[in-house]
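Structure file work-v8.cif; described as mmCIF, C-alpha atoms.
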data_my_file
#
loop_
_atom_site.label_atom_id
_atom_site.label_comp_id
_atom_site.auth_asym_id
_atom_site.auth_seq_id
_atom_site.Cartn_x
_atom_site.Cartn_y
_atom_site.Cartn_z
CA MET A 1 8.39 17.84 -23.25
CA ASN A 2 9.32 18.62 -19.69
CA VAL A 3 6.39 16.60 -18.44
CA LEU A 4 6.39 14.08 -21.26
CA LYS A 5 9.80 12.67 -20.38
CA TYR A 6 8.54 11.73 -16.92
CA LEU A 7 5.40 10.25 -18.42
CA PHE A 8 7.51 8.19 -20.81
CA VAL A 9 9.88 6.94 -18.11
CA GLY A 10 6.90 6.01 -15.96
CA PHE A 11 5.23 4.27 -18.91
CA VAL A 12 8.28 2.13 -19.56
CA PHE A 13 8.56 1.43 -15.82
CA GLY A 14 4.93 0.23 -15.72
CA ILE A 15 5.39 -2.05 -18.71
CA VAL A 16 8.71 -3.48 -17.51
CA LEU A 17 7.42 -4.21 -14.03
CA THR A 18 4.29 -5.84 -15.41
CA LYS A 19 6.01 -7.87 -18.12
CA SER A 20 8.78 -8.98 -15.77
CA GLU A 21 5.96 -9.89 -13.35
CA ALA A 22 7.63 -8.02 -10.50
CA VAL A 23 4.11 -6.69 -9.81
CA SER A 24 2.83 -10.24 -9.33
CA TRP A 25 1.92 -11.46 -5.87
CA TYR A 26 2.97 -14.94 -7.04
CA ARG A 27 6.48 -13.82 -7.97
CA ILE A 28 7.00 -12.20 -4.58
CA TYR A 29 5.80 -15.33 -2.78
CA GLU A 30 8.00 -17.50 -4.99
CA MET A 31 10.98 -15.25 -4.23
CA PHE A 32 10.48 -15.53 -0.48
CA GLN A 33 10.25 -19.31 -0.83
CA PHE A 34 13.55 -19.27 -2.79
CA GLN A 35 11.87 -21.30 -5.50
CA SER A 36 12.95 -19.18 -8.44
CA PHE A 37 15.90 -17.06 -9.42
CA HIS A 38 13.70 -14.65 -11.41
CA MET A 39 13.16 -11.85 -8.85
CA PHE A 40 16.70 -12.10 -7.48
CA GLY A 41 17.95 -11.83 -11.06
CA ILE A 42 15.86 -8.70 -11.70
CA ILE A 43 17.04 -6.93 -8.54
CA GLY A 44 20.63 -8.11 -9.05
CA VAL A 45 20.87 -6.90 -12.65
CA ALA A 46 19.08 -3.61 -11.83
CA VAL A 47 21.56 -2.91 -9.02
CA THR A 48 24.55 -3.95 -11.15
CA THR A 49 23.39 -1.63 -13.95
CA GLY A 50 22.85 1.12 -11.38
CA VAL A 51 26.26 0.70 -9.72
CA ILE A 52 28.05 0.85 -13.07
CA GLY A 53 25.97 3.82 -14.23
CA ILE A 54 26.47 5.81 -11.04
CA GLN A 55 30.21 5.12 -11.06
CA ILE A 56 30.40 6.42 -14.63
CA ILE A 57 28.37 9.51 -13.67
CA LYS A 58 30.64 10.19 -10.69
CA ARG A 59 33.97 9.55 -12.38
CA LYS A 60 33.23 11.43 -15.57
CA ASN A 61 31.40 14.23 -13.71
CA ILE A 62 28.48 13.90 -16.07
CA LYS A 63 26.05 16.84 -15.91
CA ASP A 64 22.31 16.44 -15.74
CA ILE A 65 19.83 17.44 -18.44
CA LYS A 66 19.98 21.11 -17.40
CA GLY A 67 23.77 21.13 -17.35
CA LEU A 68 23.97 21.10 -13.55
CA PRO A 69 26.34 18.76 -11.71
CA ILE A 70 24.66 15.54 -10.60
CA VAL A 71 24.56 15.22 -6.83
CA ILE A 72 23.23 11.98 -5.38
CA LYS A 73 22.34 12.48 -1.74
CA ASP A 74 23.69 9.94 0.72
CA LYS A 75 21.11 8.22 2.90
CA GLU A 76 20.99 9.46 6.48
CA LYS A 77 23.17 7.47 8.86
CA GLY A 78 21.36 5.32 11.37
CA SER A 79 20.29 1.80 12.09
CA VAL A 80 17.05 1.40 14.00
CA ARG A 81 14.88 3.05 11.38
CA TYR A 82 16.32 0.89 8.60
CA TRP A 83 16.08 -2.41 10.44
CA ALA A 84 12.66 -1.74 11.98
CA GLY A 85 11.14 0.11 9.03
CA GLY A 86 12.50 -2.52 6.69
CA LEU A 87 10.98 -5.28 8.79
CA PHE A 88 7.52 -3.68 8.73
CA PHE A 89 7.77 -3.07 5.01
CA GLY A 90 8.86 -6.66 4.37
CA LEU A 91 5.89 -8.05 6.29
CA GLY A 92 3.52 -6.00 4.16
CA TRP A 93 5.38 -6.74 0.94
CA ALA A 94 5.07 -10.49 1.38
CA LEU A 95 1.45 -10.27 2.55
CA VAL A 96 -0.04 -8.29 -0.34
CA GLY A 97 2.84 -8.84 -2.78
CA THR A 98 3.14 -5.23 -3.87
CA CYS A 99 5.51 -2.42 -3.05
CA PRO A 100 4.45 1.21 -3.61
CA GLY A 101 5.32 1.27 -7.35
CA PRO A 102 3.30 -1.84 -8.23
CA ILE A 103 0.34 -0.60 -6.14
CA PHE A 104 -0.12 2.18 -8.69
CA ILE A 105 0.74 -0.01 -11.68
CA LEU A 106 -1.83 -2.66 -10.75
CA LEU A 107 -4.41 -0.01 -10.01
CA GLY A 108 -3.82 1.46 -13.47
CA ALA A 109 -4.16 -2.01 -14.96
CA GLY A 110 -7.65 -2.23 -13.45
CA PHE A 111 -7.22 -4.40 -10.35
CA LEU A 112 -9.60 -2.42 -8.17
CA PRO A 113 -9.11 -4.32 -4.88
CA ILE A 114 -5.57 -2.88 -4.88
CA SER A 115 -7.19 0.44 -3.98
CA ILE A 116 -7.65 -0.95 -0.45
CA VAL A 117 -3.90 -1.54 -0.28
CA LEU A 118 -3.33 2.04 -1.44
CA ILE A 119 -5.68 3.40 1.22
CA GLY A 120 -3.84 1.25 3.77
CA ALA A 121 -0.48 2.57 2.57
CA LEU A 122 -1.72 6.15 2.95
CA ILE A 123 -2.99 5.39 6.45
CA GLY A 124 0.39 3.80 7.26
CA THR A 125 2.18 6.89 5.98
CA PHE A 126 -0.13 9.07 8.06
CA ILE A 127 0.54 7.00 11.19
CA TYR A 128 4.27 7.35 10.63
CA GLY A 129 3.90 11.12 10.24
CA LEU A 130 1.94 11.27 13.49
CA ILE A 131 4.34 9.28 15.66
CA LYS A 132 7.59 10.07 13.86
CA ASP A 133 9.05 12.06 16.76
CA LYS A 134 8.31 9.30 19.24
CA LEU A 135 10.09 6.63 17.21
CA ARG A 136 13.80 5.84 17.42
CA HIS A 137 15.58 6.44 14.15
CA MET B 1 -13.03 -31.97 -22.70
CA LYS B 2 -10.26 -34.31 -23.71
CA PRO B 3 -11.16 -34.87 -27.37
CA PHE B 4 -11.51 -31.11 -27.72
CA ILE B 5 -7.99 -30.64 -26.47
CA GLN B 6 -6.57 -33.22 -28.83
CA LYS B 7 -8.51 -31.78 -31.73
CA SER B 8 -7.26 -28.28 -31.09
CA LEU B 9 -3.71 -29.43 -30.71
CA LYS B 10 -3.96 -31.20 -34.05
CA LEU B 11 -5.46 -28.09 -35.54
CA ASN B 12 -2.53 -26.07 -34.31
CA ALA B 13 -0.05 -28.61 -35.54
CA GLY B 14 -1.74 -28.46 -38.91
CA PHE B 15 -1.01 -24.86 -39.65
CA LEU B 16 2.22 -24.35 -37.78
CA LYS B 17 5.59 -25.63 -38.82
CA LEU B 18 6.74 -28.41 -36.53
CA ASP B 19 9.62 -26.33 -35.13
CA ASP B 20 7.46 -23.33 -34.30
CA TYR B 21 4.87 -25.58 -32.82
CA SER B 22 7.15 -27.53 -30.51
CA CYS B 23 8.85 -24.34 -29.48
CA ILE B 24 5.59 -22.67 -28.48
CA LEU B 25 4.33 -25.90 -26.97
CA ASN B 26 7.45 -26.31 -24.85
CA ARG B 27 7.41 -22.80 -23.58
CA ASN B 28 3.73 -22.76 -22.80
CA PHE B 29 3.28 -26.35 -21.91
CA ARG B 30 2.04 -25.86 -18.40
CA SER B 31 -0.34 -23.08 -19.19
CA LEU B 32 -1.35 -24.63 -22.50
CA SER B 33 -3.15 -27.40 -20.69
CA CYS B 34 -4.84 -24.78 -18.49
CA VAL B 35 -5.86 -22.71 -21.47
CA PHE B 36 -7.60 -25.58 -23.15
CA ILE B 37 -9.38 -26.67 -20.01
CA GLY B 38 -10.38 -23.06 -19.43
CA THR B 39 -12.94 -20.99 -21.26
CA ASP B 40 -13.30 -20.86 -25.00
CA ALA B 41 -12.59 -17.14 -25.07
CA LYS B 42 -9.16 -17.76 -23.65
CA TYR B 43 -8.61 -20.48 -26.22
CA TRP B 44 -9.47 -18.19 -29.10
CA PHE B 45 -7.25 -15.50 -27.66
CA TYR B 46 -4.44 -18.03 -27.72
CA GLU B 47 -5.27 -19.12 -31.23
CA ILE B 48 -5.11 -15.53 -32.51
CA LYS B 49 -1.80 -15.12 -30.72
CA ILE B 50 -0.38 -18.16 -32.51
CA LEU B 51 -1.49 -16.77 -35.87
CA PHE B 52 0.13 -13.46 -35.02
CA LEU B 53 3.33 -15.12 -33.92
CA GLN B 54 3.39 -17.27 -37.01
CA LYS B 55 3.44 -14.16 -39.13
CA ASN B 56 5.80 -12.22 -36.84
CA SER B 57 7.82 -14.93 -35.19
CA ASN B 58 10.37 -12.41 -33.91
CA MET B 59 7.68 -10.52 -31.99
CA ASP B 60 6.71 -13.15 -29.47
CA PHE B 61 9.12 -11.88 -26.81
CA ILE B 62 6.68 -9.01 -26.23
CA PHE B 63 4.02 -11.37 -24.91
CA GLN B 64 6.23 -13.75 -22.98
CA THR B 65 7.45 -13.07 -19.47
CA TRP B 66 10.36 -10.71 -19.95
CA PRO B 67 13.60 -12.34 -18.81
CA TRP B 68 15.19 -11.07 -15.59
CA TYR B 69 18.33 -9.78 -17.30
CA VAL B 70 16.31 -7.59 -19.71
CA SER B 71 13.94 -6.33 -17.01
CA GLY B 72 16.67 -5.74 -14.47
CA PHE B 73 18.72 -3.78 -16.98
CA LEU B 74 15.73 -1.61 -17.96
CA ILE B 75 14.86 -0.89 -14.30
CA GLY B 76 18.49 0.15 -13.71
CA MET B 77 18.31 2.42 -16.77
CA ILE B 78 15.05 3.97 -15.55
CA MET B 79 16.74 4.90 -12.28
CA LEU B 80 19.72 6.35 -14.19
CA CYS B 81 17.33 8.31 -16.44
CA LEU B 82 15.70 9.95 -13.43
CA ILE B 83 19.14 10.80 -12.02
CA TYR B 84 20.03 12.34 -15.38
CA PHE B 85 16.83 14.40 -15.16
CA GLY B 86 18.15 15.71 -11.83
CA LYS B 87 15.66 13.66 -9.78
CA SER B 88 15.77 10.38 -7.93
CA PHE B 89 14.01 7.05 -8.24
CA GLY B 90 11.69 6.47 -5.30
CA MET B 91 8.05 5.51 -5.31
CA SER B 92 7.10 5.69 -1.64
CA THR B 93 7.85 9.43 -1.52
CA ASN B 94 4.59 9.74 -3.45
CA LEU B 95 2.71 8.41 -0.43
CA GLN B 96 4.08 11.26 1.64
CA SER B 97 3.24 13.77 -1.13
CA LEU B 98 -0.30 12.42 -1.43
CA CYS B 99 -0.83 12.87 2.33
CA SER B 100 0.63 16.36 2.12
CA MET B 101 -1.70 17.22 -0.76
CA THR B 102 -4.73 16.76 1.45
CA GLY B 103 -3.54 19.58 3.69
CA LEU B 104 -2.30 17.39 6.55
CA GLY B 105 0.80 19.60 6.73
CA LYS B 106 -1.12 22.08 8.88
CA HIS B 107 -1.45 19.50 11.63
CA VAL B 108 1.50 17.14 11.17
CA SER B 109 4.96 18.57 10.49
CA TYR B 110 6.04 15.48 8.50
CA PHE B 111 3.60 16.52 5.77
CA ASP B 112 4.48 20.19 5.94
CA PHE B 113 6.43 20.66 2.73
CA ASP B 114 5.75 21.86 -0.77
CA TRP B 115 4.38 18.72 -2.42
CA LYS B 116 4.25 20.59 -5.73
CA LEU B 117 8.02 20.07 -5.94
CA ASN B 118 7.26 16.36 -6.29
CA ARG B 119 4.70 16.76 -9.07
CA TRP B 120 7.14 15.21 -11.54
CA ASN B 121 6.95 11.99 -9.49
CA PHE B 122 3.15 11.95 -9.84
CA VAL B 123 3.66 12.11 -13.61
CA VAL B 124 6.01 9.10 -13.38
CA ILE B 125 3.29 7.26 -11.47
CA LEU B 126 0.66 8.26 -14.02
CA GLY B 127 2.90 6.88 -16.75
CA ALA B 128 3.42 3.69 -14.76
CA MET B 129 -0.35 3.26 -14.42
CA LEU B 130 -0.77 3.66 -18.20
CA GLY B 131 2.09 1.22 -18.75
CA GLY B 132 0.42 -1.29 -16.44
CA PHE B 133 -2.84 -0.92 -18.33
CA VAL B 134 -1.22 -1.45 -21.73
CA ALA B 135 0.89 -4.38 -20.53
CA VAL B 136 -2.04 -6.19 -18.91
CA HIS B 137 -4.58 -5.57 -21.66
CA PHE B 138 -2.49 -5.81 -24.83
CA MET B 139 0.72 -7.65 -24.00
CA ALA B 140 -0.45 -10.57 -21.87
CA ASP B 141 -0.20 -14.24 -22.69
CA PRO B 142 -1.68 -17.28 -20.96
CA SER B 143 1.87 -18.53 -20.47
CA ASN B 144 2.65 -15.60 -18.13
CA VAL B 145 3.44 -16.02 -14.45
CA SER B 146 4.61 -19.60 -14.89
CA ILE B 147 5.98 -19.92 -11.40
CA ASN B 148 7.65 -22.99 -9.94
CA PRO B 149 5.20 -25.96 -9.84
CA LYS B 150 6.34 -26.56 -6.26
CA THR B 151 5.19 -23.06 -5.37
CA ILE B 152 1.80 -23.72 -6.99
CA GLU B 153 1.42 -26.91 -4.97
CA GLN B 154 2.32 -25.12 -1.75
CA LEU B 155 -0.19 -22.38 -2.53
CA SER B 156 -2.96 -24.87 -3.22
CA GLN B 157 -2.43 -26.25 0.28
CA LEU B 158 -3.07 -22.73 1.57
CA GLY B 159 -6.18 -22.57 -0.60
CA ILE B 160 -4.69 -19.99 -2.98
CA ASP B 161 -5.47 -20.45 -6.67
CA ALA B 162 -2.74 -21.12 -9.28
CA PRO B 163 -1.77 -18.21 -11.57
CA ASN B 164 -2.79 -19.59 -15.01
CA GLY B 165 -1.54 -16.38 -16.58
CA LYS B 166 -3.02 -14.10 -13.89
CA LEU B 167 -0.76 -11.64 -12.10
CA VAL B 168 -2.52 -11.78 -8.74
CA PRO B 169 -4.49 -14.55 -7.00
CA GLU B 170 -8.28 -14.44 -6.94
CA ALA B 171 -8.13 -15.48 -3.30
CA LEU B 172 -6.63 -12.09 -2.38
CA PHE B 173 -7.65 -9.74 -5.18
CA GLY B 174 -10.76 -11.25 -6.76
CA ASN B 175 -13.91 -9.14 -6.78
CA GLN B 176 -15.48 -11.41 -4.17
CA ILE B 177 -13.30 -9.73 -1.54
CA TRP B 178 -15.69 -6.76 -1.46
CA GLN B 179 -18.12 -9.06 0.34
CA SER B 180 -15.56 -10.27 2.84
CA PRO B 181 -14.57 -7.90 5.67
CA ARG B 182 -11.75 -10.32 6.50
CA SER B 183 -10.19 -10.05 3.03
CA ILE B 184 -10.53 -6.26 3.05
CA PHE B 185 -8.89 -6.20 6.46
CA ILE B 186 -5.94 -8.29 5.20
CA LEU B 187 -5.34 -5.93 2.26
CA LEU B 188 -5.69 -2.91 4.51
CA ILE B 189 -3.19 -4.26 7.06
CA GLY B 190 -0.78 -5.12 4.24
CA GLY B 191 -1.07 -1.57 2.93
CA ILE B 192 -0.55 -0.04 6.36
CA LEU B 193 2.60 -2.13 6.88
CA ILE B 194 3.92 -1.07 3.47
CA GLY B 195 3.15 2.61 4.00
CA PHE B 196 4.39 2.78 7.58
CA GLY B 197 7.47 0.60 6.93
CA SER B 198 8.60 2.34 3.77
CA ARG B 199 8.34 5.80 5.36
CA TYR B 200 9.98 4.70 8.60
CA ALA B 201 12.84 3.16 6.60
CA GLY B 202 12.87 6.20 4.31
CA GLY B 203 12.33 4.23 1.12
CA CYS B 204 10.95 1.09 -0.48
CA THR B 205 12.22 -1.35 -3.07
CA SER B 206 12.91 1.42 -5.58
CA GLY B 207 14.45 3.89 -3.14
CA HIS B 208 16.58 1.49 -1.11
CA ALA B 209 17.01 -1.79 -2.99
CA ILE B 210 17.60 -0.19 -6.40
CA SER B 211 18.70 3.43 -5.88
CA GLY B 212 20.39 3.04 -2.49
CA LEU B 213 22.30 -0.16 -3.22
CA SER B 214 23.36 1.23 -6.62
CA ASN B 215 24.93 4.15 -4.75
CA LEU B 216 26.57 1.69 -2.33
CA GLN B 217 24.69 3.02 0.69
CA LEU B 218 25.10 1.01 3.89
CA PRO B 219 21.74 2.23 5.33
CA SER B 220 20.01 0.87 2.23
CA LEU B 221 21.65 -2.51 2.72
CA LYS B 222 20.29 -2.56 6.28
CA ALA B 223 16.83 -1.65 5.00
CA VAL B 224 16.93 -4.32 2.28
CA ILE B 225 17.99 -6.96 4.80
CA GLY B 226 15.06 -5.75 6.91
CA PHE B 227 12.72 -6.12 3.89
CA PHE B 228 13.83 -9.70 3.45
CA VAL B 229 13.67 -10.66 7.11
CA GLY B 230 10.11 -9.27 7.26
CA GLY B 231 9.19 -10.96 4.00
CA LEU B 232 10.55 -14.33 5.09
CA ILE B 233 8.68 -14.16 8.41
CA MET B 234 5.46 -13.36 6.57
CA ALA B 235 5.86 -15.90 3.76
CA HIS B 236 6.99 -18.79 5.97
CA PHE B 237 5.25 -18.29 9.33
CA LEU B 238 2.39 -15.82 9.08
CA LEU B 239 0.81 -16.54 5.67
CA PRO B 240 0.09 -20.18 6.64
CA LEU B 241 -1.69 -18.86 9.73
CA ILE B 242 -3.69 -16.27 7.81
CA PHE B 243 -4.81 -18.60 4.99
#
Starting from the coordinates I provided, produce the structure as structure tokens.
Amino acid sequence: MNVLKYLFVGFVFGIVLTKSEAVSWYRIYEMFQFQSFHMFGIIGVAVTTGVIGIQIIKRKNIKDIKGLPIVIKDKEKGSVRYWAGGLFFGLGWALVGTCPGPIFILLGAGFLPISIVLIGALIGTFIYGLIKDKLRH
Amino acid sequence: MKPFIQKSLKLNAGFLKLDDYSCILNRNFRSLSCVFIGTDAKYWFYEIKILFLQKNSNMDFIFQTWPWYVSGFLIGMIMLCLIYFGKSFGMSTNLQSLCSMTGLGKHVSYFDFDWKLNRWNFVVILGAMLGGFVAVHFMADPSNVSINPKTIEQLSQLGIDAPNGKLVPEALFGNQIWQSPRSIFILLIGGILIGFGSRYAGGCTSGHAISGLSNLQLPSLKAVIGFFVGGLIMAHFLLPLIF
């Protein structure tokens, strides 16, 4: 059960992202051309749902599944890393049309060329790990 | 090909009620023409789908593109579920864990942590892969990915094929890319940018755009603006140069 709940959540995530076509290169391109509301709608509604949910969790002090208080860590303060990292990520996102979640989803669906993107992403992660201390954050 | 199309349309009209028929026809109009011009296998697939829908007319939403308000809500709920489980929603962390798994932690401090603590996230990813498989193989419809016709026209000028129900273009992800070092290089560079960028920014679409914005985090807003600036530069200035 402990493991199954994560498997289930992931399963639903994979289906939703595929059926909403958020994993589609075409949808990402269309979004960046501002030629459809679809992707903006998905992100907008997801964030709205999230904001409401998190506010409820915080105000009602809802406990997690083990009965422990829910603590959501704040993101580290800073600017350079978010602007610069975001820019790099955006360039890659629009080029291959997949963010890390969809890389795995498409791979699972059988699109083998995505494995090159995954290898690239691992190399990118490795490069960041190597030069992390030399970068401004 | 034309008489075949007309014949099949008549055939469909024959065994479907007019309302059902026009409804399906309207929704799938663009891809319908593609389906009939395309291979016979696809046509039969479509025919079976119509029979299925005729019997279970309330089930067709499963095969259609899921509307943004349903999908967005479910993605928000997935994030809240993981918070309720005492975890957080973030996919690019897995990239760091995968690197750590290979033992890189001995040489690079960034990977020196107990990746086993993130095993739950690998299970989420495994589930997502299964979900992707099921959705692509059993829940697809030729009407899927009906993007803006303007977008299709723009893409054809770049030499990128129209979706016709496919999730990803052949030009980038078709099996012919294995023979083209240039295509492999493009995918590799895209991956490197995604991996490097998401770790530098400390999160990707799930970690910043969904989780971070939901928790009203200013850093996440900066990152998301960064995502979009990068994306716009690529989509408007660089893609036309690459293709």
Near stretch 226-237 of chain B, counting all atoms listed in the file, which residues have an atom at most 9 Å away, once you skip same-chain residues fewer than 5 positions from it, shown as a PyMOL selection string? (chain A and resi 28-29+32-33+82-95) or (chain B and resi 204-205+221)
Go ahead and dump the residues you just picked, C-alpha atoms, as a PDB file, in the frame of the given file.
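Dumped everything to part_23.pdb:
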ATOM      1  CA  ILE A  28       7.000 -12.200  -4.580  1.00  0.00           C
ATOM      2  CA  TYR A  29       5.800 -15.330  -2.780  1.00  0.00           C
ATOM      3  CA  PHE A  32      10.480 -15.530  -0.480  1.00  0.00           C
ATOM      4  CA  GLN A  33      10.250 -19.310  -0.830  1.00  0.00           C
ATOM      5  CA  TYR A  82      16.320   0.890   8.600  1.00  0.00           C
ATOM      6  CA  TRP A  83      16.080  -2.410  10.440  1.00  0.00           C
ATOM      7  CA  ALA A  84      12.660  -1.740  11.980  1.00  0.00           C
ATOM      8  CA  GLY A  85      11.140   0.110   9.030  1.00  0.00           C
ATOM      9  CA  GLY A  86      12.500  -2.520   6.690  1.00  0.00           C
ATOM     10  CA  LEU A  87      10.980  -5.280   8.790  1.00  0.00           C
ATOM     11  CA  PHE A  88       7.520  -3.680   8.730  1.00  0.00           C
ATOM     12  CA  PHE A  89       7.770  -3.070   5.010  1.00  0.00           C
ATOM     13  CA  GLY A  90       8.860  -6.660   4.370  1.00  0.00           C
ATOM     14  CA  LEU A  91       5.890  -8.050   6.290  1.00  0.00           C
ATOM     15  CA  GLY A  92       3.520  -6.000   4.160  1.00  0.00           C
ATOM     16  CA  TRP A  93       5.380  -6.740   0.940  1.00  0.00           C
ATOM     17  CA  ALA A  94       5.070 -10.490   1.380  1.00  0.00           C
ATOM     18  CA  LEU A  95       1.450 -10.270   2.550  1.00  0.00           C
TER      19      LEU A  95
ATOM     20  CA  CYS B 204      10.950   1.090  -0.480  1.00  0.00           C
ATOM     21  CA  THR B 205      12.220  -1.350  -3.070  1.00  0.00           C
ATOM     22  CA  LEU B 221      21.650  -2.510   2.720  1.00  0.00           C
TER      23      LEU B 221
END
When distances are computed from only C-alpha atoms, which of B:Ala171, B:Met101, B:Leu187, B:Met59 shows the smallest separation from A:Ser115?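 Closest residue, counting only C-alpha atoms: B:Leu187.
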With all atoms listed in the file as the counted atoms, please give the residues lying no more than 12 Å from B:Leu216, apart from itself and same-chain residues fewer than 2 positions off, as a list in words. Val47, Thr48, Gly50, Val51, Ile52, Ile54, Gln55, Ile72, Lys73, Asp74 and Lys75 of chain A; His208, Ala209, Ile210, Ser211, Gly212, Leu213, Ser214, Leu218, Pro219, Ser220, Leu221 and Lys222 of chain B
Take atom CA of A:His38 and atom CA of B:Gly132 and report the distance between them in Å, one decimal.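 Computing the Euclidean distance for atom CA of A:His38 and atom CA of B:Gly132 yields 19.5 Å.
Closest to chain B among A:Ala109, A:Ile57, A:Leu17, A:Leu135 is A:Ala109, based on all atoms listed in the file.
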Run the PyMOL selection byres ((chain B and resi 115-118) around 12) mentally over the shown coordinates, then write out the matched residues as an MDAnalysis selection string, using the chain letters and numbers from the document. (chainID A and resid 6) or (chainID B and resid 87:105 110:114 119:125)
So which one's closest to A:Lys63, B:Gly86, B:Pro67, B:Gly190, B:Pro169? Using only C-alpha atoms, please.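 Of B:Gly86, B:Pro67, B:Gly190, B:Pro169, the one nearest A:Lys63 is B:Gly86, counting only C-alpha atoms.
Counting all atoms listed in the file, A:Thr98 has the following residues at most 10 Å away, ignoring those fewer than 4 positions along the same chain: Ala22, Val23, Ser24, Trp25, Ile28, Gly92, Trp93, Ala94, Pro102, Ile103, Phe104, Ile105, Leu106, Ile114 and Val117 of chain A; Val168, Gly190, Gly191, Ile194 and Thr205 of chain B.
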Separation of atom CA of A:Ile119 from atom CA of A:Glu30, in Å and rounded to one decimal: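 About the pair atom CA of A:Ile119 and atom CA of A:Glu30: they are 25.7 Å apart.
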So, with all atoms listed in the file as the atoms that count, which of B:Met79, B:Phe196, B:Lys150, B:Asp141 lies closest to chain A?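 Distance minimum relative to chain A lands on B:Phe196.
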Interatomic distance, atom CA of B:Lys166 to atom CA of A:Gly44 (Å, one decimal): 24.9 Å
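The residues caught by the PyMOL selection byres ((chain B and resi 188) around 9) in this file are Ile116, Val117, Leu118, Ile119, Gly120, Ala121 and Ile123 of chain A; Ser183, Ile184, Phe185, Ile186, Leu187, Ile189, Gly190, Gly191, Ile192 and Leu193 of chain B.
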Starting from the displayed file, determine the output of the PyMOL selection byres ((chain A and resi 5) around 10) and express the residue list as a list in words. Met1, Asn2, Val3, Leu4, Tyr6, Leu7, Phe8, Val9, Gly10 and Phe11 of chain A; Cys81, Leu82, Phe85, Trp120, Val123, Val124 and Gly127 of chain B
B:Phe61, B:Ser109, B:Tyr84, B:Glu170: which is nearest A:Lys58, counting only C-alpha atoms?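 Under the stated criterion, the closest residue is B:Tyr84.
Counting all atoms listed in the file and comparing A:Ile56, A:Arg136, A:Arg81, A:Phe37, the residue that lies closest to chain B is A:Arg81.
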Contacts of A:Val45 at 9 Å (all atoms listed in the file; same-chain gap of 3+ positions) as a PyMOL selection string: (chain A and resi 40-42+48-50) or (chain B and resi 68-73+75-76)
Only C-alpha atoms, please: the residues just picked out, written as a PDB file, keeping the file's coordinate frame.
ATOM      1  CA  PHE A  40      16.700 -12.100  -7.480  1.00  0.00           C
ATOM      2  CA  GLY A  41      17.950 -11.830 -11.060  1.00  0.00           C
ATOM      3  CA  ILE A  42      15.860  -8.700 -11.700  1.00  0.00           C
ATOM      4  CA  THR A  48      24.550  -3.950 -11.150  1.00  0.00           C
ATOM      5  CA  THR A  49      23.390  -1.630 -13.950  1.00  0.00           C
ATOM      6  CA  GLY A  50      22.850   1.120 -11.380  1.00  0.00           C
TER       7      GLY A  50
ATOM      8  CA  TRP B  68      15.190 -11.070 -15.590  1.00  0.00           C
ATOM      9  CA  TYR B  69      18.330  -9.780 -17.300  1.00  0.00           C
ATOM     10  CA  VAL B  70      16.310  -7.590 -19.710  1.00  0.00           C
ATOM     11  CA  SER B  71      13.940  -6.330 -17.010  1.00  0.00           C
ATOM     12  CA  GLY B  72      16.670  -5.740 -14.470  1.00  0.00           C
ATOM     13  CA  PHE B  73      18.720  -3.780 -16.980  1.00  0.00           C
ATOM     14  CA  ILE B  75      14.860  -0.890 -14.300  1.00  0.00           C
ATOM     15  CA  GLY B  76      18.490   0.150 -13.710  1.00  0.00           C
TER      16      GLY B  76
END
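Excluding B:Ile160 itself and any same-chain residue fewer than 2 positions from it, the protein and nucleic acid residues within 9 Å of it, counting only C-alpha atoms, are Ile152, Gln154, Leu155, Ser156, Gln157, Leu158, Ala162, Pro169, Glu170, Ala171, Leu172 and Phe243 of chain B.
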Deliver the residues from the most recent selection as a file, using C-alpha atoms, as a JSON list (two decimals), in the coordinates of the input.
[["chain", "number", "residue", "atom", "x", "y", "z"],
["B", 152, "ILE", "CA", 1.80, -23.72, -6.99],
["B", 154, "GLN", "CA", 2.32, -25.12, -1.75],
["B", 155, "LEU", "CA", -0.19, -22.38, -2.53],
["B", 156, "SER", "CA", -2.96, -24.87, -3.22],
["B", 157, "GLN", "CA", -2.43, -26.25, 0.28],
["B", 158, "LEU", "CA", -3.07, -22.73, 1.57],
["B", 162, "ALA", "CA", -2.74, -21.12, -9.28],
["B", 169, "PRO", "CA", -4.49, -14.55, -7.00],
["B", 170, "GLU", "CA", -8.28, -14.44, -6.94],
["B", 171, "ALA", "CA", -8.13, -15.48, -3.30],
["B", 172, "LEU", "CA", -6.63, -12.09, -2.38],
["B", 243, "PHE", "CA", -4.81, -18.60, 4.99]]
